[in-house]
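Here is the file coords_18.csv (CSV, C-alpha atoms and all ligand atoms).
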```
chain,number,residue,atom,x,y,z
A,1,MET,CA,264.4,165.1,-14.1
A,2,ARG,CA,265.3,163.1,-11.1
A,3,LEU,CA,262.2,162.3,-9.0
A,4,LEU,CA,261.8,161.0,-5.5
A,5,VAL,CA,258.4,159.2,-5.5
A,6,THR,CA,257.2,158.3,-2.0
A,7,GLY,CA,254.6,155.5,-1.8
A,8,GLY,CA,255.6,154.5,-5.3
A,9,ALA,CA,254.9,150.8,-4.6
A,10,GLY,CA,251.2,151.5,-3.8
A,11,PHE,CA,248.2,151.6,-6.2
A,12,ILE,CA,248.4,155.1,-7.7
A,13,GLY,CA,252.1,155.7,-7.0
A,14,SER,CA,253.1,152.6,-8.9
A,15,ALA,CA,250.9,153.6,-11.9
A,16,PHE,CA,252.7,157.0,-11.8
A,17,VAL,CA,256.1,155.3,-11.9
A,18,ARG,CA,255.2,152.8,-14.6
A,19,ARG,CA,253.7,155.5,-16.8
A,20,ARG,CA,256.4,158.2,-16.2
A,21,LEU,CA,259.3,155.8,-16.8
A,22,ALA,CA,257.6,154.7,-20.1
A,23,ALA,CA,256.8,158.3,-21.3
A,24,THR,CA,259.9,160.3,-20.2
A,25,THR,CA,263.6,159.9,-19.7
A,26,ASP,CA,263.2,160.8,-15.9
A,27,GLU,CA,265.2,158.9,-13.3
A,28,ILE,CA,263.0,157.8,-10.4
A,29,VAL,CA,263.9,156.8,-6.8
A,30,VAL,CA,260.9,155.1,-5.1
A,31,LEU,CA,260.9,155.4,-1.3
A,32,ASP,CA,258.2,153.0,0.1
A,33,LYS,CA,257.8,151.4,3.5
A,34,LEU,CA,256.0,148.4,2.0
A,35,THR,CA,253.1,148.5,4.5
A,36,TYR,CA,250.3,145.9,3.9
A,37,ALA,CA,249.2,148.2,1.0
A,38,GLY,CA,252.6,148.4,-0.7
A,39,ASN,CA,253.8,145.7,-3.1
A,40,ARG,CA,257.1,145.6,-4.9
A,41,ALA,CA,255.5,143.4,-7.6
A,42,ASN,CA,253.5,146.6,-8.7
A,43,LEU,CA,256.8,147.8,-10.2
A,44,ALA,CA,257.7,144.5,-11.8
A,45,PRO,CA,256.8,145.7,-15.3
A,46,CYS,CA,259.4,148.5,-15.0
A,47,GLU,CA,262.0,146.1,-13.5
A,48,ALA,CA,261.5,143.7,-16.4
A,49,ASP,CA,262.3,146.4,-19.0
A,50,ALA,CA,266.1,147.0,-19.2
A,51,THR,CA,265.9,150.7,-20.2
A,52,GLN,CA,263.4,151.5,-17.5
A,53,ALA,CA,265.1,149.4,-14.8
A,54,ARG,CA,268.3,151.4,-15.3
A,55,ARG,CA,266.3,154.6,-14.4
A,56,LEU,CA,264.5,153.1,-11.3
A,57,THR,CA,265.9,152.7,-7.8
A,58,PHE,CA,263.8,151.2,-5.1
A,59,VAL,CA,264.5,152.1,-1.4
A,60,ARG,CA,262.5,150.4,1.3
A,61,GLY,CA,262.0,153.0,4.1
A,62,ASP,CA,259.7,155.4,5.9
A,63,ILE,CA,259.1,159.0,5.0
A,64,CYS,CA,259.3,159.7,8.8
A,65,ASP,CA,263.0,158.6,8.7
A,66,GLU,CA,264.7,162.0,8.6
A,67,PRO,CA,268.3,161.1,7.8
A,68,LEU,CA,267.1,158.8,5.0
A,69,VAL,CA,264.8,161.4,3.6
A,70,ASN,CA,267.4,164.1,3.8
A,71,SER,CA,269.9,162.0,1.8
A,72,LEU,CA,267.4,161.1,-0.9
A,73,VAL,CA,266.0,164.7,-1.3
A,74,ALA,CA,269.6,166.0,-1.6
A,75,GLU,CA,269.8,164.2,-4.9
A,76,THR,CA,266.4,165.0,-6.4
A,77,ASP,CA,264.7,167.7,-8.5
A,78,ALA,CA,261.2,167.0,-7.2
A,79,VAL,CA,259.4,165.0,-4.6
A,80,VAL,CA,256.0,163.4,-5.5
A,81,ASN,CA,254.4,162.3,-2.3
A,82,PHE,CA,251.9,159.5,-2.6
A,83,ALA,CA,252.8,157.9,0.7
A,84,ALA,CA,249.8,157.6,3.1
A,85,GLU,CA,247.6,155.2,4.9
A,86,SER,CA,244.7,155.4,2.4
A,87,HIS,CA,241.6,153.4,3.7
A,88,VAL,CA,238.8,155.3,5.5
A,89,ASP,CA,237.6,152.1,7.3
A,90,ARG,CA,241.0,151.4,8.7
A,91,SER,CA,241.3,155.0,9.9
A,92,ILE,CA,238.0,154.5,11.8
A,93,ILE,CA,239.5,151.3,13.5
A,94,ASP,CA,242.9,153.0,14.4
A,95,ALA,CA,244.0,156.4,13.1
A,96,GLU,CA,247.5,156.6,14.6
A,97,ALA,CA,249.5,155.5,11.5
A,98,PHE,CA,247.4,157.9,9.4
A,99,LEU,CA,248.6,160.8,11.4
A,100,ARG,CA,252.2,159.6,11.6
A,101,THR,CA,252.6,159.3,7.9
A,102,GLY,CA,250.1,162.0,6.9
A,103,VAL,CA,251.4,164.7,9.2
A,104,ILE,CA,254.8,163.9,10.6
A,105,GLY,CA,255.9,162.2,7.4
A,106,VAL,CA,254.8,165.2,5.3
A,107,HIS,CA,256.7,167.5,7.7
A,108,VAL,CA,259.9,165.4,7.4
A,109,LEU,CA,259.7,165.6,3.6
A,110,LEU,CA,258.9,169.4,3.6
A,111,GLU,CA,261.9,170.1,5.9
A,112,ALA,CA,264.2,168.2,3.7
A,113,VAL,CA,262.9,170.1,0.6
A,114,ARG,CA,263.3,173.4,2.6
A,115,ARG,CA,266.9,172.6,3.5
A,116,ALA,CA,267.8,171.6,-0.1
A,117,THR,CA,266.2,174.8,-1.4
A,118,GLU,CA,268.2,176.8,1.1
A,119,THR,CA,271.4,175.5,-0.5
A,120,GLY,CA,270.3,177.1,-3.7
A,121,ARG,CA,268.8,174.0,-5.4
A,122,LYS,CA,265.3,174.0,-7.0
A,123,VAL,CA,263.2,171.2,-5.6
A,124,ARG,CA,259.5,171.0,-6.3
A,125,PHE,CA,257.1,169.3,-3.8
A,126,VAL,CA,254.0,167.6,-5.1
A,127,GLN,CA,251.5,166.6,-2.4
A,128,VAL,CA,249.0,164.0,-3.6
A,129,SER,CA,245.8,164.8,-1.7
A,130,THR,CA,242.1,163.9,-2.1
A,131,ASP,CA,238.6,165.2,-2.7
A,132,GLU,CA,237.8,163.9,0.8
A,133,VAL,CA,239.3,167.0,2.4
A,134,TYR,CA,236.2,168.9,1.3
A,135,GLY,CA,234.0,166.6,3.3
A,136,ALA,CA,230.5,165.5,2.1
A,137,VAL,CA,229.2,167.6,-0.8
A,138,HIS,CA,225.4,167.3,-0.8
A,139,GLU,CA,224.9,169.3,-4.0
A,140,GLY,CA,227.0,171.0,-6.6
A,141,SER,CA,230.7,170.6,-6.8
A,142,SER,CA,233.7,171.6,-4.8
A,143,VAL,CA,236.1,174.3,-6.1
A,144,GLU,CA,239.7,174.6,-4.9
A,145,THR,CA,238.9,177.8,-2.8
A,146,ASP,CA,236.2,176.0,-0.8
A,147,GLN,CA,237.0,175.5,2.8
A,148,MET,CA,238.3,172.0,3.8
A,149,ALA,CA,235.8,170.2,6.0
A,150,PRO,CA,237.1,166.6,6.5
A,151,ARG,CA,234.9,164.2,8.3
A,152,SER,CA,236.9,161.0,8.7
A,153,PRO,CA,240.3,160.5,10.5
A,154,TYR,CA,241.7,159.6,7.0
A,155,ALA,CA,240.4,162.8,5.5
A,156,SER,CA,241.5,164.9,8.5
A,157,ALA,CA,245.1,163.5,8.2
A,158,LYS,CA,245.1,164.4,4.5
A,159,ALA,CA,243.8,167.9,5.2
A,160,ALA,CA,246.4,168.4,8.0
A,161,GLY,CA,249.1,167.4,5.5
A,162,GLU,CA,247.9,169.9,3.0
A,163,LEU,CA,247.8,172.7,5.6
A,164,LEU,CA,251.5,172.0,6.4
A,165,VAL,CA,252.3,172.1,2.7
A,166,ALA,CA,250.6,175.4,2.3
A,167,ALA,CA,252.4,176.7,5.4
A,168,TYR,CA,255.8,175.8,3.9
A,169,GLY,CA,254.9,177.6,0.7
A,170,THR,CA,253.9,180.7,2.5
A,171,THR,CA,256.5,180.8,5.3
A,172,HIS,CA,259.6,179.4,3.6
A,173,GLY,CA,258.8,180.0,-0.1
A,174,THR,CA,258.9,176.2,-0.7
A,175,ASP,CA,257.8,175.4,-4.3
A,176,THR,CA,254.7,173.3,-3.7
A,177,VAL,CA,251.7,172.1,-5.7
A,178,VAL,CA,248.8,169.9,-4.5
A,179,THR,CA,246.5,167.6,-6.4
A,180,ARG,CA,243.1,166.6,-5.0
A,181,GLY,CA,242.1,163.4,-6.7
A,182,ALA,CA,238.7,161.8,-6.9
A,183,ASN,CA,237.9,158.1,-5.9
A,184,THR,CA,240.3,156.1,-8.0
A,185,TYR,CA,240.0,152.6,-9.4
A,186,GLY,CA,241.9,150.3,-11.7
A,187,PRO,CA,244.5,147.5,-11.8
A,188,TYR,CA,246.8,146.9,-8.8
A,189,GLN,CA,244.4,148.4,-6.2
A,190,HIS,CA,244.4,146.7,-2.8
A,191,PRO,CA,241.2,144.6,-2.5
A,192,GLU,CA,240.1,146.5,0.7
A,193,LYS,CA,238.7,149.3,-1.5
A,194,VAL,CA,235.2,148.9,-2.8
A,195,VAL,CA,235.8,148.3,-6.5
A,196,PRO,CA,238.4,145.5,-6.2
A,197,LEU,CA,236.6,144.1,-3.1
A,198,PHE,CA,233.4,143.7,-4.9
A,199,ILE,CA,235.0,142.3,-8.1
A,200,THR,CA,237.1,139.8,-6.2
A,201,ASN,CA,234.3,138.7,-3.8
A,202,ALA,CA,232.0,138.3,-6.8
A,203,LEU,CA,234.6,136.2,-8.6
A,204,ASP,CA,234.6,133.9,-5.5
A,205,ASP,CA,230.7,134.1,-5.3
A,206,ALA,CA,231.2,135.7,-1.8
A,207,PRO,CA,228.8,138.4,-0.4
A,208,LEU,CA,229.3,142.0,-1.4
A,209,PRO,CA,228.9,144.2,1.7
A,210,LEU,CA,227.1,147.3,0.6
A,211,TYR,CA,227.1,150.0,3.3
A,212,GLY,CA,223.7,151.2,4.3
A,213,ASP,CA,221.3,151.8,1.4
A,214,GLY,CA,224.1,152.2,-1.1
A,215,ARG,CA,222.8,155.6,-2.2
A,216,GLN,CA,226.1,157.3,-1.5
A,217,GLN,CA,227.8,158.8,-4.6
A,218,ARG,CA,231.4,158.9,-5.8
A,219,ASP,CA,233.0,160.3,-8.9
A,220,TRP,CA,235.2,157.6,-10.4
A,221,LEU,CA,238.7,158.4,-11.7
A,222,PHE,CA,240.7,155.7,-13.6
A,223,VAL,CA,244.1,155.2,-12.1
A,224,ASP,CA,246.1,156.0,-15.3
A,225,ASP,CA,244.3,159.3,-15.5
A,226,HIS,CA,245.0,160.1,-11.9
A,227,ALA,CA,248.7,159.2,-12.3
A,228,ASP,CA,248.9,161.4,-15.5
A,229,ALA,CA,247.2,164.3,-13.8
A,230,VAL,CA,249.8,164.3,-11.0
A,231,GLY,CA,252.6,164.3,-13.6
A,232,PHE,CA,250.8,167.1,-15.5
A,233,VAL,CA,250.6,169.2,-12.3
A,234,LEU,CA,254.3,168.4,-11.5
A,235,ASP,CA,255.3,169.7,-14.9
A,236,HIS,CA,252.8,172.6,-15.4
A,237,GLY,CA,251.1,173.5,-12.0
A,238,ARG,CA,251.6,177.0,-10.6
A,239,SER,CA,253.5,177.1,-7.4
A,240,GLY,CA,251.4,177.4,-4.3
A,241,GLU,CA,248.2,176.1,-6.1
A,242,ALA,CA,245.9,173.1,-5.5
A,243,TYR,CA,244.2,171.4,-8.4
A,244,ASN,CA,241.1,169.2,-8.3
A,245,VAL,CA,241.4,166.0,-10.3
A,246,PRO,CA,237.8,164.9,-10.9
A,247,GLY,CA,236.7,161.6,-12.2
A,248,ALA,CA,234.8,160.7,-15.3
A,249,GLY,CA,231.7,159.1,-13.9
A,250,LEU,CA,229.4,160.0,-10.9
A,251,ARG,CA,227.8,156.8,-9.7
A,252,LEU,CA,225.6,155.8,-6.8
A,253,ASN,CA,227.3,152.8,-5.0
A,254,ARG,CA,224.3,150.7,-5.9
A,255,ASP,CA,224.7,151.4,-9.6
A,256,LEU,CA,228.5,150.9,-9.5
A,257,THR,CA,227.8,147.5,-7.8
A,258,ALA,CA,225.2,146.5,-10.4
A,259,ALA,CA,227.7,147.5,-13.2
A,260,ILE,CA,230.4,145.3,-11.7
A,261,LEU,CA,228.0,142.3,-11.4
A,262,GLU,CA,226.8,142.7,-14.9
A,263,LEU,CA,230.4,142.7,-16.3
A,264,LEU,CA,231.1,139.5,-14.4
A,265,GLY,CA,227.7,137.9,-15.2
A,266,LYS,CA,227.0,137.4,-11.4
A,267,PRO,CA,223.6,137.9,-9.7
A,268,TRP,CA,222.4,140.8,-7.5
A,269,SER,CA,221.6,138.3,-4.8
A,270,LEU,CA,225.4,138.4,-3.8
A,271,VAL,CA,224.8,141.9,-2.5
A,272,ARG,CA,224.1,142.4,1.2
A,273,SER,CA,223.1,145.6,2.8
A,274,VAL,CA,225.3,145.9,5.9
A,275,PRO,CA,225.3,148.4,8.8
A,276,ASP,CA,226.7,151.7,7.5
A,277,ARG,CA,230.2,153.2,8.0
A,278,PRO,CA,230.1,155.7,10.9
A,279,GLY,CA,230.2,159.3,9.5
A,280,HIS,CA,229.8,158.0,5.9
A,281,ASP,CA,230.2,160.9,3.5
A,282,LEU,CA,227.1,160.9,1.3
A,283,ARG,CA,228.7,162.3,-1.8
A,284,TYR,CA,231.9,163.7,-3.3
A,285,CYS,CA,232.0,165.8,-6.4
A,286,MET,CA,234.6,168.3,-7.7
A,287,ASP,CA,234.7,171.0,-10.3
A,288,GLY,CA,237.7,170.3,-12.7
A,289,ALA,CA,237.7,173.7,-14.5
A,290,LYS,CA,241.0,174.8,-13.0
A,291,LEU,CA,242.9,171.8,-14.2
A,292,ALA,CA,241.1,171.8,-17.5
A,293,ALA,CA,242.2,175.4,-18.0
A,294,LEU,CA,245.8,174.3,-17.4
A,295,GLY,CA,245.3,171.7,-20.2
A,296,TRP,CA,244.3,168.4,-18.6
A,297,GLN,CA,241.1,166.3,-18.5
A,298,PRO,CA,240.4,162.7,-17.7
A,299,GLY,CA,240.5,160.4,-20.8
A,300,VAL,CA,239.0,157.1,-19.6
A,301,GLY,CA,235.2,157.0,-19.0
A,302,ILE,CA,233.8,154.8,-16.2
A,303,ASP,CA,232.3,152.2,-18.5
A,304,GLN,CA,235.6,151.5,-20.3
A,305,GLY,CA,237.6,151.8,-17.1
A,306,LEU,CA,235.4,149.4,-15.2
A,307,ALA,CA,235.4,146.8,-18.0
A,308,ASP,CA,239.3,147.0,-18.1
A,309,THR,CA,239.5,146.7,-14.3
A,310,VAL,CA,237.2,143.7,-14.1
A,311,ALA,CA,239.2,142.1,-16.9
A,312,TRP,CA,242.5,142.7,-15.0
A,313,TYR,CA,241.3,141.2,-11.7
A,314,SER,CA,239.8,138.3,-13.6
A,315,ALA,CA,243.2,137.6,-15.2
A,316,ASN,CA,245.4,138.3,-12.1
A,317,ARG,CA,244.0,136.1,-9.4
A,318,ASP,CA,247.5,135.4,-8.0
A,319,TRP,CA,248.1,139.2,-7.4
A,320,TRP,CA,244.9,139.8,-5.4
A,321,GLN,CA,245.0,136.4,-3.5
A,322,GLN,CA,248.4,137.5,-2.2
A,323,ALA,CA,246.9,140.8,-1.1
A,324,LYS,CA,244.1,138.9,0.6
A,325,SER,CA,246.6,136.9,2.7
A,326,GLY,CA,248.6,137.8,5.9
A,327,ASP,CA,246.4,139.9,8.2
A,328,TRP,CA,243.6,140.1,5.7
A,329,ALA,CA,241.4,137.4,7.4
A,330,ALA,CA,241.6,139.2,10.7
A,331,TYR,CA,240.9,142.6,9.1
A,332,TYR,CA,237.9,141.2,7.2
A,333,GLU,CA,236.5,139.6,10.2
A,334,HIS,CA,236.8,142.8,12.2
A,335,GLN,CA,235.4,145.0,9.5
A,336,TYR,CA,232.7,142.7,8.1
A,337,GLY,CA,232.1,139.7,10.4
A,338,ARG,CA,229.4,141.3,12.6
A,339,ARG,CA,228.1,143.5,9.7
A,340,LEU,CA,227.5,140.4,7.5
A,341,ALA,CA,225.8,138.6,10.3
A,342,GLU,CA,223.4,141.5,10.6
A,343,SER,CA,223.0,142.1,6.9
A,344,VAL,CA,219.7,142.2,5.0
A,345,GLU,CA,218.7,141.9,1.3
A,346,ALA,CA,220.0,144.9,-0.7
B,1,LIG,P1,248.0,152.8,-1.3
B,1,LIG,O1,247.5,152.5,0.1
B,1,LIG,O2,247.7,151.8,-2.4
B,1,LIG,O3,249.5,153.1,-1.3
B,1,LIG,C1,250.2,153.8,-0.3
B,1,LIG,C2,251.7,153.5,-0.4
B,1,LIG,O4,252.4,154.3,0.5
B,1,LIG,C3,252.0,152.0,-0.1
B,1,LIG,O5,252.9,151.5,-1.1
B,1,LIG,C4,252.6,152.1,1.3
B,1,LIG,O6,253.6,151.0,1.5
B,1,LIG,C5,253.3,153.4,1.2
B,1,LIG,N1,253.5,154.0,2.6
B,1,LIG,C6,252.6,154.1,3.6
B,1,LIG,N2,253.1,154.7,4.6
B,1,LIG,C7,254.4,155.0,4.3
B,1,LIG,C8,255.5,155.6,5.0
B,1,LIG,N3,255.4,156.1,6.2
B,1,LIG,N4,256.7,155.8,4.3
B,1,LIG,C9,256.8,155.3,3.1
B,1,LIG,N5,255.8,154.7,2.4
B,1,LIG,C10,254.6,154.6,3.0
B,1,LIG,O7,247.3,154.2,-1.6
B,1,LIG,P2,246.8,154.8,-3.0
B,1,LIG,O8,245.4,154.5,-3.2
B,1,LIG,O9,247.8,154.5,-4.1
B,1,LIG,O10,246.9,156.4,-2.7
B,1,LIG,C11,248.1,157.1,-3.0
B,1,LIG,C12,247.9,158.6,-2.5
B,1,LIG,O11,246.8,159.1,-3.3
B,1,LIG,C13,247.5,158.7,-1.0
B,1,LIG,O12,248.2,159.8,-0.6
B,1,LIG,C14,246.0,158.9,-1.0
B,1,LIG,O13,245.6,159.7,0.0
B,1,LIG,C15,245.8,159.6,-2.4
B,1,LIG,N6,244.5,159.4,-3.0
B,1,LIG,C16,244.0,158.2,-3.2
B,1,LIG,C17,242.8,158.0,-3.8
B,1,LIG,C18,242.1,156.7,-4.0
B,1,LIG,O14,241.0,156.6,-4.4
B,1,LIG,N7,242.9,155.6,-3.8
B,1,LIG,C19,242.0,159.2,-4.2
B,1,LIG,C20,242.6,160.4,-4.0
B,1,LIG,C21,243.8,160.5,-3.4
B,2,LIG,P1,236.1,153.2,-0.6
B,2,LIG,O1,236.6,152.4,-1.8
B,2,LIG,O2,236.5,152.8,0.8
B,2,LIG,O3,236.5,154.7,-0.8
B,2,LIG,P2,236.1,156.1,0.0
B,2,LIG,O4,235.5,155.7,1.3
B,2,LIG,O5,237.5,156.7,0.1
B,2,LIG,O6,235.2,156.8,-0.9
B,2,LIG,O7,234.5,153.3,-0.6
B,2,LIG,C1,233.8,153.8,-1.7
B,2,LIG,C2,232.4,153.8,-1.4
B,2,LIG,O8,231.9,152.5,-1.3
B,2,LIG,C3,232.0,154.5,-0.1
B,2,LIG,O9,230.8,155.2,-0.2
B,2,LIG,C4,231.9,153.4,0.9
B,2,LIG,C5,231.3,152.2,0.0
B,2,LIG,N1,231.7,150.9,0.5
B,2,LIG,C6,230.8,149.9,0.7
B,2,LIG,O10,229.6,150.1,0.5
B,2,LIG,N2,231.2,148.7,1.1
B,2,LIG,C7,232.5,148.4,1.3
B,2,LIG,O11,232.8,147.2,1.8
B,2,LIG,C8,233.5,149.4,1.1
B,2,LIG,C9,234.9,149.1,1.4
B,2,LIG,C10,233.1,150.6,0.7
```

Could you quickly redo this structure as structure tokens?
Amino acid sequence: MRLLVTGGAGFIGSAFVRRRLAATTDEIVVLDKLTYAGNRANLAPCEADATQARRLTFVRGDICDEPLVNSLVAETDAVVNFAAESHVDRSIIDAEAFLRTGVIGVHVLLEAVRRATETGRKVRFVQVSTDEVYGAVHEGSSVETDQMAPRSPYASAKAAGELLVAAYGTTHGTDTVVTRGANTYGPYQHPEKVVPLFITNALDDAPLPLYGDGRQQRDWLFVDDHADAVGFVLDHGRSGEAYNVPGAGLRLNRDLTAAILELLGKPWSLVRSVPDRPGHDLRYCMDGAKLAALGWQPGVGIDQGLADTVAWYSANRDWWQQAKSGDWAAYYEHQYGRRLAESVEA
């Protein structure tokens, strides 16, 4: 297959590209804007392998760029859309880019696929979405038919993107599938997200800013599993359907933090309870029966995945120090400066 992978230089997209090139004979074109979150170095392992490098093309560009997207979609069998602004806290600071990429960008991709399909070609569209479209789930677990109830600007942009995807399936007969992944962690994740933020801060003996009482709960999905699930849905998903991709470990944020510190041999005294995120979703939890019935389940448990992740950040200081350069200091001060000044013992 020839795949167009948008956002393929980001955290999960680059894992998808690395794993797909290694496991198949697919040819992949990555279209990535290289925002602060995108990093060409995430694809270095593929570029260093001659047989994989021949099947990989990198294009720096925006999914909102219609002529560019049209030309790339004209040459592809499927589009796998990972491109998004992906951090809830940044969407609270300024949501504009979330809406541009998550709504207009998705529309540009869908229009290109519709046009290609109208010329008689088969082009599948995979939208990589999130459990956050369900909103906070206080008990039980979300199933795919539950109503979307997003509560952050990030989650709302992702829900809006999904609604457009569904509309193109219904109205134009576009071949679409959607994945709703759980909170993902693993190597190459930008240190703004909680797992790498806490690992890298702890490595530097810096404070770990735990929001509120830390009793929020997430279901943690290892990045390789997330990437493989997207590939599985690309290959086997039924057109028009959405699939939950649950994690392999429900954890309270406090317990996740304790596990990270234990792996690093660092003390709990690094943890500071800071004023909570506005509108903080208490819990996400999804039912994975639909994807399991199709034949896929996560393979990496949280204990193993977390140990591998801690080992990777410990061994790849250059990678995350580069991600903590540029506008990082300004972002960190804006997000955490006042919070840490007001923090209390956790
Ligand atoms: P990320 O922020 O690490 O990567 C996003 C990538 O998209 C970056 O490489 C960035 O440069 C690129 N990008 C952003 N805007 C673009 C644009 N307009 N045009 C082209 N490229 C653009 O994000 P991630 O964590 O890898 O998430 C990938 C996808 O998975 C997102 O759609 C996200 O909503 C979804 N998701 C993430 C998680 C998670 O826990 N990280 C969980 C479920 C779903
Ligand atoms: P995050 O990695 O931002 O993912 P999401 O908000 O998409 O679930 O956060 C995961 C959890 O960790 C979430 O409950 C918020 C919490 N958190 C903190 O307590 N402190 C932090 O500095 C960050 C970034 C997150």

Can you pull out every residue within 12 Å of A:Ala311, counting all atoms listed in the file, but drop anything in the same chain fewer than 4 positions away, and send it as a PyMOL selection string? chain A and resi 186-187+196+199-200+203+260+263-264+304-307+315-317

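Between ligand LIG 1 (chain B) and the candidates A:Val310, A:Ala323, A:Ala202, A:Ala136, the tightest atom-to-atom separation, counting all atoms listed in the file, involves A:Ala323.
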
Contacts with ligand LIG 1 (chain B) at most 7 Å, all atoms listed in the file counted, listed as an MDAnalysis selection string: chainID A and resid 6:13 31:39 61:64 81:87 101 105 128:131 158 180:185 189:190

What do you get as a ChimeraX atom specification if you pick all residues at most 6 Å from ligand LIG 2 (chain B), counting only C-alpha atoms and all ligand atoms? /A:87-88,183,192-194,209-211,216,253

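Proximity to A:Thr170 was assessed for A:Gly240, A:Pro246, A:Gly299, A:Pro267 counting all atoms listed in the file; the smallest distance is recorded for A:Gly240.
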
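Each of A:Leu340, A:Ala78, A:Ala289, A:Ala15 was checked against A:Leu234 using all atoms listed in the file; the smallest atom-to-atom distance is that of A:Ala78.
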
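Nearest residue to A:Val195 among A:Val123, A:Tyr313, A:Ile92, A:His107 is A:Tyr313, counting only C-alpha atoms.
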
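When atom CA of A:Ser71 is paired with atom CA of A:Ile28, their separation reads 14.6 Å.
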
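When only C-alpha atoms are used to measure the gap to A:Asp287, the shortest distance among A:Tyr154, A:Gly140, A:Val80, A:Ile104 belongs to A:Gly140.
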
10 Å contact set for A:Leu250, all atoms listed in the file, chain neighbours under 4 positions out, as a PyMOL selection string: chain A and resi 217-221+246+255-256+283-285+302

What does the distance from atom CA of A:Phe222 to atom CA of A:Gly288 come to in Å, to one decimal? 14.9 Å

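Checking A:Asp276, A:Asp65, A:Glu262, A:Asp26 one by one against A:Glu342, counting all atoms listed in the file, you find the shortest gap at A:Asp276.
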
Using only C-alpha atoms, which residues sit within 10 Å of A:Asp77 once same-chain residues fewer than 4 positions away are excluded, as a list in words? Met1, Arg2, Leu3, Leu4, Val73, Val113, Ala116, Arg121, Lys122, Val123, Arg124 and Phe125 of chain A

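Pairwise distance (atom CA of A:Phe16, atom CA of A:Val223) equals 8.8 Å.
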
Step by step, gather every atom of stretch 26-33 of chain A that the file lists, find the box along x, y and z that holds them, add 8 Å on each side, and finally give centre and edge lengths in Å to one decimal, as AutoDock Vina command-line options.
```
--center_x 261.5 --center_y 156.1 --center_z -6.2 --size_x 23.4 --size_y 25.4 --size_z 35.4
```
